[in-house]
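**Student:** Hey, dropping input01.cif in here, mmCIF, C-alpha atoms and all ligand atoms:
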data_work
loop_
_atom_site.label_atom_id
_atom_site.label_comp_id
_atom_site.auth_asym_id
_atom_site.auth_seq_id
_atom_site.Cartn_x
_atom_site.Cartn_y
_atom_site.Cartn_z
CA MET A 1 63.71 95.72 138.87
CA THR A 2 65.53 93.02 136.90
CA ALA A 3 69.15 92.24 137.64
CA PRO A 4 71.52 93.23 134.86
CA SER A 5 72.25 90.21 132.65
CA ARG A 6 75.47 88.48 133.55
CA PRO A 7 78.11 89.12 130.89
CA PRO A 8 78.95 86.03 128.84
CA SER A 9 82.50 84.70 128.86
CA VAL A 10 84.92 86.45 126.52
CA ASP A 11 85.33 83.30 124.49
CA LYS A 12 81.61 82.66 124.14
CA LEU A 13 80.96 86.24 123.12
CA ALA A 14 83.82 86.12 120.59
CA ARG A 15 82.42 82.92 119.08
CA SER A 16 78.99 84.52 118.78
CA LEU A 17 80.55 87.14 116.48
CA LYS A 18 81.87 84.57 114.00
CA ALA A 19 79.50 85.70 111.24
CA SER A 20 81.42 88.99 111.02
CA GLY A 21 84.13 87.03 109.17
CA LEU A 22 86.86 88.49 111.39
CA PRO A 23 89.59 86.17 112.72
CA HIS A 24 89.03 84.73 116.19
CA PRO A 25 91.91 86.57 117.96
CA ILE A 26 90.49 89.92 116.79
CA LEU A 27 87.00 88.89 117.97
CA VAL A 28 88.45 87.97 121.37
CA ASP A 29 89.92 91.47 121.69
CA ILE A 30 86.63 93.05 120.66
CA ALA A 31 84.64 90.85 123.08
CA ARG A 32 86.98 91.75 125.93
CA GLU A 33 86.71 95.48 125.15
CA ALA A 34 82.92 95.27 125.13
CA ILE A 35 82.80 93.38 128.44
CA ASP A 36 85.34 95.72 130.04
CA ALA A 37 83.19 98.65 128.95
CA GLY A 38 80.29 96.98 130.79
CA ASP A 39 78.36 96.74 127.53
CA HIS A 40 78.70 93.24 126.08
CA GLU A 41 75.70 93.89 123.84
CA SER A 42 77.80 96.37 121.87
CA ALA A 43 80.17 93.59 120.74
CA ALA A 44 78.48 92.99 117.37
CA ALA A 45 78.50 96.72 116.59
CA ARG A 46 82.16 96.92 117.63
CA ALA A 47 83.00 94.01 115.32
CA GLU A 48 81.18 95.68 112.45
CA GLN A 49 82.99 98.94 113.18
CA PHE A 50 86.34 97.12 113.08
CA ARG A 51 85.46 95.33 109.85
CA ARG A 52 84.77 98.68 108.25
CA THR A 53 88.28 99.89 109.05
CA LEU A 54 89.75 97.20 106.77
CA LEU A 55 90.92 98.17 103.30
CA THR A 56 87.90 97.58 101.08
CA PRO A 57 86.90 98.25 97.46
CA VAL A 58 84.48 101.15 97.00
CA VAL A 59 82.67 102.87 94.15
CA ASN A 60 84.16 106.32 93.60
CA ALA A 61 81.18 108.52 92.75
CA THR A 62 82.91 111.75 93.82
CA GLY A 63 83.88 112.87 90.32
CA VAL A 64 87.47 113.24 91.55
CA LEU A 65 89.11 110.73 89.24
CA LEU A 66 92.37 110.40 91.17
CA HIS A 67 91.06 110.60 94.72
CA THR A 68 94.00 110.50 97.13
CA ASN A 69 91.84 109.11 99.95
CA LEU A 70 90.58 106.38 97.60
CA GLY A 71 93.99 105.23 96.40
CA ARG A 72 94.47 107.62 93.45
CA ALA A 73 94.59 105.81 90.07
CA PRO A 74 92.36 102.71 90.10
CA LEU A 75 94.45 99.75 89.08
CA ALA A 76 93.66 96.15 88.22
CA HIS A 77 96.59 93.91 88.91
CA GLN A 78 96.72 90.21 89.58
CA GLN A 79 99.59 87.83 89.62
CA ALA A 80 100.12 84.19 90.40
CA ALA A 81 102.08 83.07 93.44
CA ALA A 82 104.95 82.23 91.12
CA ALA A 83 108.64 83.07 91.30
CA GLN A 84 109.54 86.02 89.06
CA THR A 85 112.72 87.32 87.48
CA VAL A 86 112.80 90.27 89.88
CA GLU A 87 116.60 90.16 90.09
CA PHE A 88 117.48 87.37 87.71
CA ASP A 89 118.97 87.59 84.23
CA LEU A 90 117.51 84.81 82.07
CA SER A 91 120.24 85.08 79.43
CA THR A 92 123.18 84.65 81.80
CA GLY A 93 121.49 82.73 84.60
CA GLN A 94 123.14 85.20 86.96
CA ARG A 95 121.81 87.80 89.32
CA GLY A 96 120.21 90.68 87.45
CA SER A 97 118.97 94.18 88.30
CA ARG A 98 115.38 94.73 89.39
CA GLN A 99 115.62 98.12 87.70
CA ALA A 100 116.81 96.91 84.29
CA ALA A 101 113.56 96.14 82.46
CA VAL A 102 111.29 98.72 84.04
CA GLY A 103 114.08 101.29 83.72
CA LYS A 104 114.44 100.65 79.97
CA LEU A 105 110.70 100.86 79.41
CA PHE A 106 110.31 104.17 81.24
CA ALA A 107 113.43 105.60 79.59
CA ARG A 108 111.94 104.76 76.19
CA LEU A 109 108.59 106.22 77.20
CA CYS A 110 110.10 109.51 78.39
CA GLY A 111 112.76 109.81 75.66
CA ALA A 112 115.45 109.64 78.37
CA GLU A 113 118.79 107.80 78.44
CA LYS A 114 117.98 105.86 81.58
CA ALA A 115 115.31 105.49 84.25
CA MET A 116 114.71 103.81 87.59
CA VAL A 117 111.79 103.44 89.99
CA VAL A 118 111.23 103.84 93.73
CA ASN A 119 108.20 103.63 96.02
CA ASN A 120 106.69 107.06 95.37
CA ASN A 121 107.61 110.45 94.02
CA ALA A 122 108.49 111.83 97.46
CA ALA A 123 111.09 109.04 97.66
CA ALA A 124 112.28 109.86 94.14
CA VAL A 125 112.95 113.51 95.04
CA LEU A 126 114.60 112.51 98.31
CA LEU A 127 116.91 110.07 96.52
CA VAL A 128 117.83 112.43 93.68
CA VAL A 129 118.72 115.27 96.02
CA ALA A 130 120.66 112.94 98.34
CA ALA A 131 122.55 111.33 95.45
CA LEU A 132 123.37 114.56 93.61
CA ALA A 133 123.61 117.19 96.30
CA GLU A 134 124.37 115.75 99.76
CA GLY A 135 126.40 118.34 101.68
CA ARG A 136 125.96 120.87 98.87
CA ASP A 137 123.47 123.56 97.84
CA VAL A 138 120.23 123.32 95.87
CA PRO A 139 118.75 126.55 94.48
CA VAL A 140 114.93 126.48 94.37
CA SER A 141 112.57 129.26 93.30
CA ARG A 142 110.68 130.81 96.21
CA GLY A 143 107.51 130.21 94.18
CA GLU A 144 108.25 126.48 94.06
CA SER A 145 109.21 125.88 97.69
CA VAL A 146 105.88 124.18 98.11
CA GLU A 147 104.00 121.71 100.25
CA ILE A 148 102.21 118.99 98.30
CA GLY A 149 99.61 116.72 99.86
CA GLY A 150 100.38 114.97 103.09
CA SER A 151 103.55 116.65 104.35
CA PHE A 152 105.73 116.58 101.23
CA ARG A 153 107.45 119.93 101.79
CA VAL A 154 110.27 120.86 99.46
CA PRO A 155 112.48 122.57 102.08
CA GLU A 156 112.14 119.58 104.42
CA VAL A 157 112.84 117.00 101.71
CA ILE A 158 116.01 118.87 100.77
CA GLU A 159 117.06 119.02 104.42
CA GLN A 160 116.35 115.30 104.87
CA SER A 161 118.54 114.60 101.83
CA GLY A 162 121.45 116.31 103.56
CA ALA A 163 121.52 119.20 101.12
CA ARG A 164 121.02 122.93 101.74
CA LEU A 165 118.18 124.88 100.16
CA VAL A 166 119.07 128.20 98.55
CA ASP A 167 116.02 130.43 98.01
CA VAL A 168 115.93 132.04 94.59
CA GLY A 169 113.81 134.91 93.22
CA THR A 170 110.47 135.84 94.74
CA THR A 171 107.19 134.12 95.47
CA ASN A 172 105.57 135.27 92.23
CA ARG A 173 108.48 135.87 89.84
CA THR A 174 111.75 134.04 89.39
CA ARG A 175 113.96 134.51 86.31
CA VAL A 176 116.90 132.51 85.05
CA ALA A 177 119.18 135.42 86.07
CA ASP A 178 118.10 134.88 89.67
CA TYR A 179 119.31 131.28 89.49
CA ALA A 180 122.55 132.32 87.80
CA LYS A 181 123.20 134.89 90.53
CA ALA A 182 122.60 132.29 93.27
CA ILE A 183 124.90 129.77 91.59
CA ALA A 184 127.65 132.38 91.21
CA ARG A 185 127.61 133.34 94.90
CA PRO A 186 130.96 132.45 96.49
CA ASP A 187 129.24 130.91 99.52
CA VAL A 188 127.04 128.68 97.34
CA ASP A 189 128.20 125.28 96.09
CA ALA A 190 125.29 124.47 93.77
CA ALA A 191 125.05 120.79 92.92
CA MET A 192 121.91 121.16 90.81
CA VAL A 193 118.84 123.35 90.47
CA LEU A 194 115.51 121.87 91.47
CA LYS A 195 112.35 122.89 89.66
CA VAL A 196 109.14 121.75 91.35
CA HIS A 197 105.73 121.79 89.78
CA PRO A 198 103.46 123.45 92.37
CA SER A 199 100.88 120.77 91.66
CA ASN A 200 98.07 121.64 94.00
CA TYR A 201 97.69 125.37 93.68
CA ARG A 202 97.97 128.07 91.08
CA VAL A 203 99.29 131.62 91.37
CA GLU A 204 97.69 134.04 88.96
CA GLY A 205 98.46 137.60 87.94
CA PHE A 206 101.95 139.10 87.92
CA VAL A 207 103.81 135.81 87.81
CA GLU A 208 106.83 134.43 86.01
CA GLU A 209 108.57 131.13 86.33
CA THR A 210 111.74 129.99 84.63
CA SER A 211 111.27 127.32 81.98
CA ILE A 212 113.26 124.10 81.91
CA ALA A 213 114.78 125.22 78.60
CA ASP A 214 116.11 128.40 80.27
CA LEU A 215 117.35 126.51 83.31
CA ALA A 216 119.20 124.15 80.96
CA THR A 217 121.46 127.06 79.95
CA LEU A 218 122.93 127.09 83.49
CA ASN A 219 126.08 125.10 84.15
CA VAL A 220 124.58 122.75 86.75
CA PRO A 221 122.20 119.78 86.30
CA VAL A 222 118.51 120.66 86.11
CA VAL A 223 116.23 118.37 88.09
CA ALA A 224 112.49 118.81 87.51
CA ASP A 225 109.92 117.28 89.82
CA ILE A 226 107.03 117.28 87.34
CA GLY A 227 104.69 115.67 89.85
CA SER A 228 101.78 114.00 88.22
CA GLY A 229 103.46 111.88 85.57
CA LEU A 230 101.75 113.11 82.44
CA VAL A 231 103.87 111.18 79.91
CA ASP A 232 103.38 113.36 76.83
CA ALA A 233 101.69 116.78 76.67
CA THR A 234 100.28 115.95 73.22
CA CYS A 235 98.35 112.95 74.68
CA PRO A 236 98.81 110.84 71.52
CA TRP A 237 96.67 108.15 73.18
CA LEU A 238 93.53 110.32 73.04
CA PRO A 239 91.53 111.04 69.91
CA GLY A 240 91.84 114.72 68.95
CA ALA A 241 93.69 117.51 70.76
CA PRO A 242 94.77 117.16 74.40
CA PRO A 243 91.95 118.16 76.77
CA ALA A 244 91.90 121.81 77.79
CA TRP A 245 92.16 120.97 81.50
CA LEU A 246 95.66 119.58 80.91
CA ALA A 247 97.10 122.90 79.75
CA GLY A 248 99.98 123.92 82.00
CA GLU A 249 100.60 120.40 83.29
CA PRO A 250 104.28 119.56 82.73
CA ALA A 251 104.95 116.33 80.84
CA ALA A 252 107.85 113.87 80.88
CA VAL A 253 108.68 113.78 77.16
CA GLN A 254 108.68 117.57 76.83
CA ALA A 255 110.65 118.11 80.07
CA ILE A 256 113.42 115.80 78.85
CA ALA A 257 113.33 117.31 75.35
CA ASP A 258 113.59 120.81 76.86
CA GLY A 259 116.80 119.83 78.61
CA ALA A 260 115.96 118.53 82.09
CA ASP A 261 118.87 116.37 83.23
CA LEU A 262 116.58 114.38 85.52
CA ILE A 263 112.83 114.33 86.04
CA THR A 264 110.81 112.70 88.80
CA PHE A 265 107.11 111.87 88.85
CA SER A 266 104.43 109.77 90.56
CA GLY A 267 103.20 106.43 89.24
CA ASP A 268 99.61 106.73 90.49
CA LYS A 269 98.56 110.18 89.30
CA LEU A 270 98.18 111.03 85.59
CA LEU A 271 100.37 108.07 84.62
CA GLY A 272 97.53 105.89 85.91
CA GLY A 273 99.67 103.10 87.40
CA PRO A 274 100.59 101.86 90.88
CA GLN A 275 102.00 104.01 93.67
CA ALA A 276 105.61 104.53 92.63
CA GLY A 277 108.13 107.22 91.82
CA ILE A 278 109.94 107.33 88.50
CA ILE A 279 113.35 108.95 87.97
CA ALA A 280 114.40 109.43 84.34
CA GLY A 281 117.10 111.37 82.53
CA ARG A 282 120.86 111.38 82.01
CA ALA A 283 122.43 107.93 82.39
CA ASP A 284 125.27 109.09 84.64
CA LEU A 285 122.90 110.83 87.05
CA VAL A 286 120.48 107.88 87.20
CA GLU A 287 123.53 105.67 87.91
CA GLN A 288 124.45 107.97 90.78
CA CYS A 289 120.93 107.49 92.21
CA LEU A 290 121.10 103.70 91.74
CA ARG A 291 124.40 103.57 93.62
CA HIS A 292 123.22 105.64 96.60
CA PRO A 293 122.52 103.60 99.77
CA LEU A 294 119.01 105.07 100.00
CA ALA A 295 118.11 103.36 96.70
CA ARG A 296 118.10 100.02 98.50
CA ALA A 297 115.70 101.30 101.16
CA LEU A 298 113.37 102.86 98.61
CA ARG A 299 113.21 100.05 96.05
CA PRO A 300 109.79 98.63 95.13
CA GLY A 301 108.94 94.93 95.36
CA GLY A 302 107.89 92.54 92.63
CA LEU A 303 104.19 93.46 92.80
CA VAL A 304 104.85 97.12 92.05
CA LEU A 305 107.53 96.34 89.46
CA ALA A 306 105.12 94.06 87.61
CA ALA A 307 102.33 96.66 87.71
CA LEU A 308 104.70 99.39 86.51
CA GLN A 309 105.94 97.16 83.69
CA THR A 310 102.34 96.51 82.61
CA THR A 311 101.63 100.25 82.74
CA ALA A 312 104.69 101.12 80.64
CA LEU A 313 103.92 98.39 78.09
CA THR A 314 100.34 99.67 77.83
CA TYR A 315 101.67 103.13 76.88
CA LEU A 316 104.20 101.75 74.41
CA ASP A 317 101.51 99.51 72.86
CA LYS A 318 99.20 102.54 72.55
CA ARG A 319 96.40 100.94 74.56
CA VAL A 320 96.18 103.79 77.08
CA ALA A 321 92.65 105.03 76.36
CA THR A 322 91.18 101.55 76.81
CA ASP A 323 93.50 99.84 79.29
CA ILE A 324 94.50 102.55 81.79
CA ALA A 325 91.48 103.12 84.02
CA PHE A 326 92.19 106.83 84.58
CA TRP A 327 92.48 107.63 80.86
CA ARG A 328 89.47 105.45 80.08
CA MET A 329 87.45 107.66 82.46
CA VAL A 330 88.87 110.80 80.83
CA ALA A 331 88.15 109.53 77.31
CA THR A 332 84.51 108.58 77.96
CA PRO A 333 82.25 110.81 75.82
CA ILE A 334 79.61 112.89 77.59
CA ALA A 335 76.84 111.10 75.67
CA ALA A 336 77.85 107.76 77.19
CA LEU A 337 77.79 109.26 80.69
CA GLN A 338 74.38 110.80 79.96
CA THR A 339 72.91 107.43 78.89
CA ARG A 340 74.20 105.70 82.01
CA ALA A 341 72.94 108.47 84.29
CA GLU A 342 69.47 108.24 82.71
CA SER A 343 69.38 104.46 83.29
CA ILE A 344 70.33 104.91 86.92
CA VAL A 345 67.69 107.61 87.44
CA ASP A 346 65.04 105.37 85.84
CA ALA A 347 66.04 102.47 88.08
CA VAL A 348 66.00 104.39 91.36
CA ARG A 349 63.06 106.74 90.81
CA VAL A 350 60.73 104.46 92.82
CA ALA A 351 62.87 105.05 95.90
CA HIS A 352 64.02 108.59 95.05
CA PRO A 353 61.39 110.62 93.18
CA SER A 354 63.76 113.62 93.15
CA ALA A 355 66.46 111.71 91.22
CA ARG A 356 67.53 113.59 88.10
CA VAL A 357 70.38 113.89 85.62
CA GLU A 358 72.50 117.04 85.81
CA SER A 359 75.66 118.37 84.18
CA THR A 360 78.56 118.26 86.60
CA GLU A 361 82.26 119.01 86.63
CA ALA A 362 84.70 116.20 87.32
CA LEU A 363 88.25 116.83 88.53
CA PRO A 364 91.49 115.03 87.68
CA GLY A 365 92.42 115.06 91.40
CA ALA A 366 95.62 114.09 93.24
CA GLY A 367 96.76 117.69 93.07
CA SER A 368 97.00 117.52 89.28
CA ALA A 369 95.83 120.48 87.22
CA PRO A 370 94.50 122.58 90.13
CA GLY A 371 91.45 124.71 89.57
CA VAL A 372 90.41 122.96 86.37
CA THR A 373 87.51 120.67 85.70
CA MET A 374 86.27 118.44 82.90
CA PRO A 375 82.65 118.25 81.80
CA SER A 376 80.71 115.37 83.26
CA VAL A 377 77.24 114.09 84.10
CA GLY A 378 75.83 113.22 87.50
CA VAL A 379 72.81 111.73 89.18
CA VAL A 380 71.52 114.23 91.72
CA ILE A 381 69.08 113.39 94.53
CA ASP A 382 67.64 115.69 97.20
CA GLY A 383 68.84 115.04 100.74
CA ASP A 384 72.14 113.90 102.15
CA LEU A 385 72.56 110.19 101.40
CA LEU A 386 76.30 110.01 102.00
CA LYS A 387 76.09 107.88 105.14
CA PRO A 388 73.67 105.17 103.91
CA LEU A 389 75.63 104.97 100.63
CA ARG A 390 78.83 104.42 102.61
CA GLN A 391 77.13 101.67 104.59
CA PHE A 392 76.26 99.60 101.55
CA ALA A 393 78.06 96.24 101.09
CA THR A 394 80.25 97.82 98.42
CA PRO A 395 80.35 101.35 99.80
CA VAL A 396 79.53 104.14 97.35
CA ILE A 397 81.40 107.37 98.03
CA ALA A 398 79.42 110.35 96.74
CA ARG A 399 79.43 114.10 97.35
CA SER A 400 76.81 116.29 98.93
CA ARG A 401 76.22 120.00 98.93
CA ASP A 402 73.25 122.13 99.94
CA ASP A 403 71.37 119.02 101.08
CA ARG A 404 71.70 117.35 97.66
CA THR A 405 73.62 114.18 96.93
CA SER A 406 75.55 114.04 93.69
CA LEU A 407 77.04 110.93 92.05
CA ASP A 408 79.39 111.73 89.19
CA LEU A 409 79.33 109.14 86.40
CA ARG A 410 82.82 109.91 85.09
CA SER A 411 84.59 108.44 88.11
CA ILE A 412 82.28 105.38 88.27
CA ASP A 413 83.35 102.32 86.33
CA PRO A 414 80.35 101.25 84.17
CA VAL A 415 80.60 97.74 85.66
CA ASP A 416 79.62 99.34 88.98
CA ASP A 417 76.44 101.06 87.74
CA GLN A 418 74.29 98.22 89.10
CA ARG A 419 76.01 98.52 92.48
CA VAL A 420 75.20 102.22 92.51
CA ILE A 421 71.55 101.41 91.74
CA ASP A 422 71.41 98.79 94.49
CA ALA A 423 73.03 101.13 96.99
CA LEU A 424 70.63 103.96 96.11
CA LEU A 425 67.62 101.65 96.41
CA ALA A 426 68.88 100.43 99.80
CA ALA A 427 69.50 104.04 100.90
CA GLY A 428 65.92 104.93 99.98
CA ARG A 429 64.43 102.39 102.34
C1 LIG B 501 102.32 114.43 94.15
C2 LIG B 501 103.61 115.11 94.11
C3 LIG B 501 104.67 114.69 94.92
C4 LIG B 501 104.54 113.54 95.86
O1 LIG B 501 104.38 112.37 95.11
P1 LIG B 501 103.98 110.99 95.80
O2 LIG B 501 104.03 110.00 94.68
O3 LIG B 501 102.62 111.17 96.38
O4 LIG B 501 105.01 110.72 96.84
C5 LIG B 501 105.87 115.36 94.83
N1 LIG B 501 106.01 116.40 94.00
C6 LIG B 501 105.02 116.84 93.20
C7 LIG B 501 105.26 118.01 92.32
C8 LIG B 501 103.77 116.20 93.23
O5 LIG B 501 102.78 116.64 92.45
#
Translate this structure into structure tokens?
Ligand SMILES: *Cc1c(COP(=O)(O)O)cnc(C)c1O
**Tutor:**
Amino acid sequence: MTAPSRPPSVDKLARSLKASGLPHPILVDIAREAIDAGDHESAAARAEQFRRTLLTPVVNATGVLLHTNLGRAPLAHQQAAAAQTVEFDLSTGQRGSRQAAVGKLFARLCGAEKAMVVNNNAAAVLLVVAALAEGRDVPVSRGESVEIGGSFRVPEVIEQSGARLVDVGTTNRTRVADYAKAIARPDVDAAMVLKVHPSNYRVEGFVEETSIADLATLNVPVVADIGSGLVDATCPWLPGAPPAWLAGEPAAVQAIADGADLITFSGDKLLGGPQAGIIAGRADLVEQCLRHPLARALRPGGLVLAALQTTALTYLDKRVATDIAFWRMVATPIAALQTRAESIVDAVRVAHPSARVESTEALPGAGSAPGVTMPSVGVVIDGDLLKPLRQFATPVIARSRDDRTSLDLRSIDPVDDQRVIDALLAAGR
């Protein structure tokens, strides 16, 4: 019987983990945990496990183009450590508004009088309802009293804003007369009506919703949370007609043209920009939002403002299909995906004889356009390779079903094809 090896000192063990690249204080904590657990030999594995919890770039091979767990719209943004005119007016030399430029660009883009930005669309809805309806009533269709993604629930947002929700119509059918009746009730003090796009699910059959144009005939402001930030339903930035999978997705330009007094949408869904929330519409109502105390708490910093500005300029310059990663993925022809998939299969066949090219269906993701898919091409390999692919230096996130691993080319940036090959070869060993 050999005596158990004496544990090394915490400091010595921490220093032995230096190659992990983690900072010394973190390594000290990990070393102490390992020694306390009576298993100092686990320290290196614990360090590796910690390293893998850090935010890290991955290859999205899931075919879900806007993957909420992978940061939604992929975005390249770099800036120098330089001072910026975040709140500085170059013409007067005085303090300026951080909302001025980005607000003008998004107003122009949406065909609205004025716009402003906050940290995400949940914040946008919260601010609009607080600014327009605090202490008053907000009629919402029962079919649109929805929960979207991680705990954005319309009734709770309205409550948090200090307004009262008034249920209108039924789950499957709500007509403009239902709204009018609610607004006319003597016990209801309607400040606005809120129309919410039920982004992540679809009701089919005997259904009816009230259009923005019909809601605009009511005598209260119409606020539409259009969700995913499709700028224009005609997609002028794509060659040909808008893709079929976009049908039914509300768009900013059309919502404003139809008479919405304010719209709100996300920056990192179909817009293809950074996480942000955009509020656009009537100047007086946007002013009301800008003046509300919550606006200060919800304002984005210079990084997000710069990325939003770049995104808006890209739309106005008509460079969307090449310069916005999401739309570049959407616009890639099937033939190009097919060629790339064939090259990958050729390169990995030595390690994976079952590798083959198959037609797949990619999804827009992020709750946009539920239940619809766009044609795509994948590399399919027998067996479940998800774990080894995740363990690669640049992790590759794929999908598996029925003991087959599928990598969808539409969500993979072509510059990452070699990484996918390397990861597959490593996973085959
Ligand atoms: C996604 C979505 C939200 C939440 O937007 P975030 O930018 O994720 O905060 C709110 N409303 C609708 C209709 C949405 O689709």
**Student:** At most 6 Å is the cut-off: for each residue in chain A with any atom that close to an atom of ligand LIG 501 (chain B), write down the nearest atom pair and the distance in Å rounded to one decimal, counting only C-alpha atoms and all ligand atoms, chain first then increasing number, as JSON lines.
**Tutor:**
{"residue": "A:Asn120", "atom": "CA", "partner": "B:LIG501", "partner_atom": "O2", "distance": 4.0}
{"residue": "A:Asn121", "atom": "CA", "partner": "B:LIG501", "partner_atom": "O2", "distance": 3.7}
{"residue": "A:Ala122", "atom": "CA", "partner": "B:LIG501", "partner_atom": "O4", "distance": 3.7}
{"residue": "A:Ile148", "atom": "CA", "partner": "B:LIG501", "partner_atom": "C2", "distance": 5.9}
{"residue": "A:Val196", "atom": "CA", "partner": "B:LIG501", "partner_atom": "C7", "distance": 5.5}
{"residue": "A:His197", "atom": "CA", "partner": "B:LIG501", "partner_atom": "C7", "distance": 4.6}
{"residue": "A:Pro198", "atom": "CA", "partner": "B:LIG501", "partner_atom": "C7", "distance": 5.7}
{"residue": "A:Ser199", "atom": "CA", "partner": "B:LIG501", "partner_atom": "O5", "distance": 4.6}
{"residue": "A:Asp225", "atom": "CA", "partner": "B:LIG501", "partner_atom": "C7", "distance": 5.3}
{"residue": "A:Ile226", "atom": "CA", "partner": "B:LIG501", "partner_atom": "C7", "distance": 5.3}
{"residue": "A:Gly227", "atom": "CA", "partner": "B:LIG501", "partner_atom": "O5", "distance": 3.4}
{"residue": "A:Ser228", "atom": "CA", "partner": "B:LIG501", "partner_atom": "O5", "distance": 5.1}
{"residue": "A:Ser266", "atom": "CA", "partner": "B:LIG501", "partner_atom": "O2", "distance": 4.1}
{"residue": "A:Gly277", "atom": "CA", "partner": "B:LIG501", "partner_atom": "O2", "distance": 5.7}
**Student:** Which one is closest to Gly229 (chain A): A:Ala241, A:Leu290, A:Leu27, A:Ala312? Count all atoms listed in the file.
**Tutor:**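 Smallest separation from Gly229 (chain A) among the options: A:Ala312.
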**Student:** How far is it from CA of Gly367 (chain A) to CA of Val154 (chain A), in Å with one decimal?
**Tutor:**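 One can read the CA of Gly367 (chain A) to CA of Val154 (chain A) distance as 15.3 Å.
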**Student:** To one decimal place, how far is CA of Arg399 (chain A) from CA of Ala369 (chain A) in Å?
**Tutor:**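 Taking CA of Arg399 (chain A) and CA of Ala369 (chain A), their separation equals 20.3 Å.
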**Student:** Give as an MDAnalysis selection string each residue that has an atom at most 9 Å from (75.0, 116.3, 82.0) in the file, counting only C-alpha atoms.
**Tutor:** chainID A and resid 334:335 337:338 341 357:360 375:379
**Student:** Tell me which of A:Ala100, A:Ala251, A:Ala83, A:Ala76 sits closest to Leu271 (chain A), counting all atoms listed in the file.
**Tutor:**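 When distances to Leu271 (chain A) are compared using all atoms listed in the file, the smallest one comes from A:Ala251.
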**Student:** Around region 161-180 of chain A, with edges along x, y and z and 3 Å added on all six sides, what centre and edge lengths do you get, in Å to one decimal, as lines of an AutoDock Vina configuration file?
**Tutor:**
center_x = 114.1
center_y = 125.2
center_z = 94.3
size_x = 23.0
size_y = 27.3
size_z = 24.5
**Student:** Any idea what the distance is between CA of Val320 (chain A) and CA of Leu238 (chain A)?
**Tutor:**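 About the pair CA of Val320 (chain A) and CA of Leu238 (chain A): they are 8.1 Å apart.
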**Student:** At most 12 Å from (80.5, 94.9, 125.0), file frame, only C-alpha atoms: which residues, as a PyMOL selection string?
**Tutor:** chain A and resi 6-10+13-14+17+27-47
**Student:** Tell me which protein, DNA and RNA residues are within 10 Å of region 92-99 of chain A, counting all atoms listed in the file, leaving out same-chain ones fewer than 2 positions away, and put them as an NGL selection string.
**Tutor:** :A and (85-90 or 101-104 or 115-118 or 290 or 299-302 or 305)
**Student:** If you keep C-alpha atoms, can you produce a file of those selected residues as a PDB file, keeping the file's coordinate frame?
**Tutor:**
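So the final result, stored in out_17.pdb, reads:
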ATOM      1  CA  THR A  85     112.720  87.320  87.480  1.00  0.00           C
ATOM      2  CA  VAL A  86     112.800  90.270  89.880  1.00  0.00           C
ATOM      3  CA  GLU A  87     116.600  90.160  90.090  1.00  0.00           C
ATOM      4  CA  PHE A  88     117.480  87.370  87.710  1.00  0.00           C
ATOM      5  CA  ASP A  89     118.970  87.590  84.230  1.00  0.00           C
ATOM      6  CA  LEU A  90     117.510  84.810  82.070  1.00  0.00           C
ATOM      7  CA  ALA A 101     113.560  96.140  82.460  1.00  0.00           C
ATOM      8  CA  VAL A 102     111.290  98.720  84.040  1.00  0.00           C
ATOM      9  CA  GLY A 103     114.080 101.290  83.720  1.00  0.00           C
ATOM     10  CA  LYS A 104     114.440 100.650  79.970  1.00  0.00           C
ATOM     11  CA  ALA A 115     115.310 105.490  84.250  1.00  0.00           C
ATOM     12  CA  MET A 116     114.710 103.810  87.590  1.00  0.00           C
ATOM     13  CA  VAL A 117     111.790 103.440  89.990  1.00  0.00           C
ATOM     14  CA  VAL A 118     111.230 103.840  93.730  1.00  0.00           C
ATOM     15  CA  LEU A 290     121.100 103.700  91.740  1.00  0.00           C
ATOM     16  CA  ARG A 299     113.210 100.050  96.050  1.00  0.00           C
ATOM     17  CA  PRO A 300     109.790  98.630  95.130  1.00  0.00           C
ATOM     18  CA  GLY A 301     108.940  94.930  95.360  1.00  0.00           C
ATOM     19  CA  GLY A 302     107.890  92.540  92.630  1.00  0.00           C
ATOM     20  CA  LEU A 305     107.530  96.340  89.460  1.00  0.00           C
TER      21      LEU A 305
END
**Student:** Which residue out of A:Ala306, A:Val207, A:Leu132, A:Val396 has the minimum interatomic distance to His77 (chain A) when all atoms listed in the file are used?
**Tutor:**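 Answer, going by the shortest atom-to-atom distance: A:Ala306.
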**Student:** For a quick check of understanding, using only C-alpha atoms, which of A:Ala423, A:Leu386, A:Val59, A:Val188 has the smallest distance to Ile344 (chain A)?
**Tutor:**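 Smallest distance to Ile344 (chain A) is found for A:Ala423.
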